[in-house]
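Student: Mind looking over this structure? Questions follow.
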Amino acid sequence: MSKSHRSGVVPFTERTPRIVAARRLTRRQGRDREGRFLAEGAQAVREALEWARAGRGRVHELFTTELAAQRNAELIDSAERLGVPVSEVTDRAAESLSETVSPQGLLALCDLVDQPLATGLSGAPVLVAVLAGASDPGNAGTVLRVADAAGADAVVFAGDTVDPHNGKCVRASTGSLFHPAVSRSREVGAVFAACRAAGLRLVAADGYAEHDLDQAADSGELAGPTAWVFGSEAHGLPDELLAQVDGALRVPIHGQAESLNLATAAAICLYASARAQRAR
């Protein structure tokens with residue numbers, strides 16, 4: 001990249017047609033229409049390139065500022081070896097594509113990662129996270145990261161839930177968006193049915209549940225294939241969805257904290273299942 005810059009190649013500006021077209025992907029409507037999204041930051045780009053190398057999707061182009069290219073020379077080389085076009089952009093152009101407060105100047109233009117429910121839940125999954133109503137992209141991205149770390153097979157975005165390809169969600173996942181299977185469905189009932197068809201028991205994380213996670217772990221309840229269902233940050237799961245799951249558990253709070261946030265609760269629940277399943 002630095003060689004191209006010195007040889008007189010003019011970086012793309014915020015008005016360059018390819019940048020204007022890419023900027024439409026900062027909106028959900030644009031992403032869904034084009035079937036593409038932007039993955040920002042070195043870690044996300046690294047995982048996107050590995051995802052493409054494995055044949056799971058395609059990276060169409062890499063946008064980088066001169067400084068970001070100098071700092072991430074190995075990623076630029078990796079992209080070029082994969083045949084991914086690398087385009088230098090101005091700082092203002094990079095900022096116009098970023099959905100974060102601190103742009104990193106490095107973005108990959110990728111195919112959407114989500115796949116149909118039946119595909120995402122194929123292969124006898126044993127641990128799945130279902131987000132039903134999460135609206136904060138930072139929380140959703142952190143749950144993706146936690147699910148990946150806990151070894152979950154899939155993460156399903158159900159109902160009126162944030163788009164996993166949202167820029168803040170992608171960045172919060174720190175590349176984990178490209179690891180477990182990711183599916184989306186507006187129909188929560190269809191998600192529940194698909195989970196059951198895959199042999200999963202639906203367990204809701206509910207702060208008001210009668211039984212807690214410790215009791216379930218001690219009884220062996222968490223050792224089987226499980227789909228954990230997490231609701232919105234503010235209100236949890238509505239009664240109509242709680243009535244449709246196979247069980248509900250609360251995370252015990254031994255101190256004086258009023259509650260746990262979504263990502264923290266998800267981490268505790270998913271790791272409790274992962275431990276129980278591996279002990280079995």
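Simple scheme: letters A, B, ... for chains in structure tokens order, numbers from 1 for residues in each chain, numbers from 1 for ligands in the order shown.
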Based on DSSP run over this structure's backbone, return all residues of region 9-238 of chain A in strand (DSSP E or B), as number ranges by chain.

Tutor: A: 12, 36-40, 59-64, 86-89, 106-111, 127-132, 154-158, 181-185, 201-205, 211-212, 226-230, 232, 236

Student: Find the residues around region 38-45 of chain A up to 8 Å (only C-alpha atoms counted), leave out those fewer than 3 positions away in its own chain, and share them as a ChimeraX atom specification.

Tutor: /A:22,25-26,48-49,72,75,98,103-110,165,167,170-171,174-176

Student: DSSP on the backbone: what in region 172-233 of chain A comes out alpha helix (DSSP H), as a ChimeraX atom specification?

Tutor: /A:172,188-197,213-219

Student: Which residues are close to region 139-149 of chain A, i.e. within 6 Å by only C-alpha atoms, leaving aside same-chain residues fewer than 4 positions away? Reply as a ChimeraX atom specification.

Tutor: /A:169,172-173,176,263,267

Student: Could you please take those selected residues and save all heavy atoms as a JSON list (two decimals), in the first residue's frame?

Tutor:
```json
[["chain", "number", "residue", "atom", "x", "y", "z"],
["A", 169, "CYS", "N", -21.92, -3.76, 16.74],
["A", 169, "CYS", "CA", -22.02, -5.17, 17.10],
["A", 169, "CYS", "C", -20.82, -5.94, 16.58],
["A", 169, "CYS", "O", -20.22, -6.75, 17.30],
["A", 169, "CYS", "CB", -23.32, -5.75, 16.56],
["A", 169, "CYS", "SG", -23.62, -7.48, 17.01],
["A", 172, "ALA", "N", -17.79, -5.06, 18.68],
["A", 172, "ALA", "CA", -17.85, -5.63, 20.03],
["A", 172, "ALA", "C", -17.60, -7.13, 20.03],
["A", 172, "ALA", "O", -17.14, -7.69, 21.02],
["A", 172, "ALA", "CB", -19.22, -5.33, 20.67],
["A", 173, "SER", "N", -17.89, -7.78, 18.91],
["A", 173, "SER", "CA", -17.66, -9.22, 18.83],
["A", 173, "SER", "C", -16.18, -9.55, 18.66],
["A", 173, "SER", "O", -15.79, -10.72, 18.80],
["A", 173, "SER", "CB", -18.45, -9.84, 17.67],
["A", 173, "SER", "OG", -17.80, -9.67, 16.43],
["A", 176, "SER", "N", -15.53, -12.52, 16.56],
["A", 176, "SER", "CA", -16.28, -13.75, 16.83],
["A", 176, "SER", "C", -17.51, -13.90, 15.95],
["A", 176, "SER", "O", -18.06, -15.00, 15.82],
["A", 176, "SER", "CB", -16.70, -13.81, 18.30],
["A", 176, "SER", "OG", -15.59, -14.12, 19.12],
["A", 263, "ALA", "N", -25.03, -9.16, 28.76],
["A", 263, "ALA", "CA", -23.82, -9.87, 28.36],
["A", 263, "ALA", "C", -23.22, -10.65, 29.52],
["A", 263, "ALA", "O", -22.73, -11.77, 29.35],
["A", 263, "ALA", "CB", -22.81, -8.88, 27.78],
["A", 267, "ALA", "N", -22.83, -14.71, 29.72],
["A", 267, "ALA", "CA", -21.54, -15.36, 29.95],
["A", 267, "ALA", "C", -21.65, -16.42, 31.04],
["A", 267, "ALA", "O", -21.16, -17.55, 30.89],
["A", 267, "ALA", "CB", -20.49, -14.32, 30.32]]
```

Student: Show me, as an MDAnalysis selection string, the residues that have an atom within 7 Å of Arg250 (chain A) when counting only C-alpha atoms, minus same-chain residues fewer than 5 positions from it.

Tutor: chainID A and resid 205:209 211:213

Student: Restrict the selected residues to C-alpha atoms and save them as a PDB file, in the first residue's frame.

Tutor:
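What landed in out_37.pdb:
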```pdb
ATOM      1  CA  ALA A 205     -32.487 -16.664  31.446  1.00  0.00           C
ATOM      2  CA  ASP A 206     -35.025 -14.942  33.690  1.00  0.00           C
ATOM      3  CA  GLY A 207     -34.219 -12.908  36.794  1.00  0.00           C
ATOM      4  CA  TYR A 208     -37.542 -13.872  38.382  1.00  0.00           C
ATOM      5  CA  ALA A 209     -37.384 -17.605  37.734  1.00  0.00           C
ATOM      6  CA  HIS A 211     -35.033 -22.057  40.168  1.00  0.00           C
ATOM      7  CA  ASP A 212     -31.483 -20.794  39.858  1.00  0.00           C
ATOM      8  CA  LEU A 213     -28.432 -21.759  37.834  1.00  0.00           C
TER       9      LEU A 213
END
```

Student: I'd like the neighbourhood of Ala21 (chain A) as a VMD selection string, where a residue qualifies if any of its atoms comes within 12 Å (using only C-alpha atoms), though same-chain residues fewer than 2 positions away should be ignored.

Tutor: chain A and resid 14 to 19 23 to 27 30 to 31 33 to 34 36 to 38 93 96 to 97 109

Student: Atoms to include: N, CA and C atoms. Write the selected residues as an mmCIF file, in the first residue's frame.

Tutor:
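Contents of result24.cif, freshly written:
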```cif
data_model
loop_
_atom_site.group_PDB
_atom_site.id
_atom_site.type_symbol
_atom_site.label_atom_id
_atom_site.label_comp_id
_atom_site.auth_asym_id
_atom_site.auth_seq_id
_atom_site.Cartn_x
_atom_site.Cartn_y
_atom_site.Cartn_z
ATOM 1 N N GLU A 14 -14.263 10.596 0.556
ATOM 2 C CA GLU A 14 -15.645 10.306 0.958
ATOM 3 C C GLU A 14 -16.628 10.490 -0.193
ATOM 4 N N ARG A 15 -16.180 11.123 -1.281
ATOM 5 C CA ARG A 15 -17.057 11.335 -2.438
ATOM 6 C C ARG A 15 -16.827 10.305 -3.551
ATOM 7 N N THR A 16 -15.825 9.478 -3.422
ATOM 8 C CA THR A 16 -15.569 8.443 -4.426
ATOM 9 C C THR A 16 -16.765 7.493 -4.489
ATOM 10 N N PRO A 17 -17.263 7.159 -5.683
ATOM 11 C CA PRO A 17 -18.470 6.321 -5.794
ATOM 12 C C PRO A 17 -18.412 5.028 -4.981
ATOM 13 N N ARG A 18 -17.261 4.359 -4.929
ATOM 14 C CA ARG A 18 -17.182 3.105 -4.166
ATOM 15 C C ARG A 18 -17.343 3.362 -2.669
ATOM 16 N N ILE A 19 -16.868 4.498 -2.205
ATOM 17 C CA ILE A 19 -17.037 4.851 -0.788
ATOM 18 C C ILE A 19 -18.493 5.250 -0.529
ATOM 19 N N ARG A 23 -20.851 3.340 2.064
ATOM 20 C CA ARG A 23 -21.450 4.054 3.191
ATOM 21 C C ARG A 23 -22.920 3.663 3.388
ATOM 22 N N ARG A 24 -23.582 3.231 2.338
ATOM 23 C CA ARG A 24 -24.968 2.782 2.477
ATOM 24 C C ARG A 24 -25.061 1.549 3.376
ATOM 25 N N LEU A 25 -23.949 0.845 3.520
ATOM 26 C CA LEU A 25 -23.945 -0.366 4.338
ATOM 27 C C LEU A 25 -23.894 -0.054 5.830
ATOM 28 N N THR A 26 -23.771 1.215 6.190
ATOM 29 C CA THR A 26 -23.844 1.573 7.604
ATOM 30 C C THR A 26 -25.286 1.580 8.096
ATOM 31 N N ARG A 27 -26.227 1.367 7.179
ATOM 32 C CA ARG A 27 -27.647 1.256 7.546
ATOM 33 C C ARG A 27 -28.134 -0.160 7.283
ATOM 34 N N GLY A 30 -29.586 -0.893 3.857
ATOM 35 C CA GLY A 30 -28.573 -1.020 2.815
ATOM 36 C C GLY A 30 -27.864 -2.365 2.876
ATOM 37 N N ARG A 31 -27.561 -2.828 4.084
ATOM 38 C CA ARG A 31 -26.893 -4.125 4.235
ATOM 39 C C ARG A 31 -27.776 -5.260 3.722
ATOM 40 N N ARG A 33 -30.216 -5.085 1.611
ATOM 41 C CA ARG A 33 -30.449 -4.972 0.176
ATOM 42 C C ARG A 33 -29.243 -5.468 -0.617
ATOM 43 N N GLU A 34 -28.045 -5.116 -0.182
ATOM 44 C CA GLU A 34 -26.839 -5.475 -0.915
ATOM 45 C C GLU A 34 -26.276 -6.838 -0.522
ATOM 46 N N ARG A 36 -24.282 -7.327 1.973
ATOM 47 C CA ARG A 36 -22.903 -7.086 2.374
ATOM 48 C C ARG A 36 -22.859 -6.209 3.628
ATOM 49 N N PHE A 37 -21.719 -6.226 4.297
ATOM 50 C CA PHE A 37 -21.535 -5.361 5.464
ATOM 51 C C PHE A 37 -20.064 -5.029 5.602
ATOM 52 N N LEU A 38 -19.763 -4.095 6.507
ATOM 53 C CA LEU A 38 -18.395 -3.663 6.750
ATOM 54 C C LEU A 38 -17.914 -4.178 8.101
ATOM 55 N N ALA A 93 -12.620 9.611 4.533
ATOM 56 C CA ALA A 93 -13.386 8.539 3.915
ATOM 57 C C ALA A 93 -13.564 7.389 4.893
ATOM 58 N N SER A 96 -16.103 8.206 7.461
ATOM 59 C CA SER A 96 -17.474 8.187 6.941
ATOM 60 C C SER A 96 -18.048 6.773 6.883
ATOM 61 N N LEU A 97 -17.177 5.765 6.891
ATOM 62 C CA LEU A 97 -17.622 4.367 6.846
ATOM 63 C C LEU A 97 -17.735 3.754 8.230
ATOM 64 N N LEU A 109 -14.997 -5.241 3.289
ATOM 65 C CA LEU A 109 -16.330 -5.312 2.706
ATOM 66 C C LEU A 109 -16.661 -6.789 2.495
#
```

Student: Restricting the calculation to only C-alpha atoms: of A:Ala204, A:Ala234, A:Ala158, A:Leu67, which residue gets closest to Thr90 (chain A)?

Tutor: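 Of A:Ala204, A:Ala234, A:Ala158, A:Leu67, the one nearest Thr90 (chain A), counting only C-alpha atoms, is A:Leu67.
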
Student: Extract, using only C-alpha atoms, all DNA, RNA and protein residues at most 12 Å from Ala73 (chain A), discarding same-chain residues fewer than 5 positions from it, and format them as a VMD selection string.

Tutor: chain A and resid 1 to 3 42 46 64 to 68 78 to 80 86 106

Student: Need the shell around Leu131 (chain A): protein/DNA/RNA residues with any atom at most 10 Å away, counting only C-alpha atoms. Skip same-chain ones fewer than 5 positions apart. Format as a list of chain:residue names?

Tutor: A:Ala140, A:Val143, A:Leu144, A:Val155, A:Val156, A:Phe157, A:Ala158, A:Gly159, A:Asp160, A:Thr161, A:Val162, A:Arg184, A:Val188, A:Trp228, A:Val229, A:Phe230, A:Gly231, A:Ser232, A:Leu237, A:Leu262, A:Ala266

Student: Between CA of Val101 (chain A) and CA of Gly35 (chain A), what is the distance in Å, rounded to a tenth?

Tutor: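 A separation of 24.8 Å between them.
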
Student: Go through A:Ala54, A:Ala248, A:Val113, A:Ile253 one by one, measure the shortest atom-to-atom distance of each to Asp32 (chain A) using only C-alpha atoms, and give the residue with the smallest value.

Tutor: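 Closest residue, counting only C-alpha atoms: A:Val113.
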
Student: To one decimal in Å, tell me the separation between CA of Gly247 (chain A) and CA of Leu202 (chain A).

Tutor: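 Here the two named atoms are 6.6 Å from each other.
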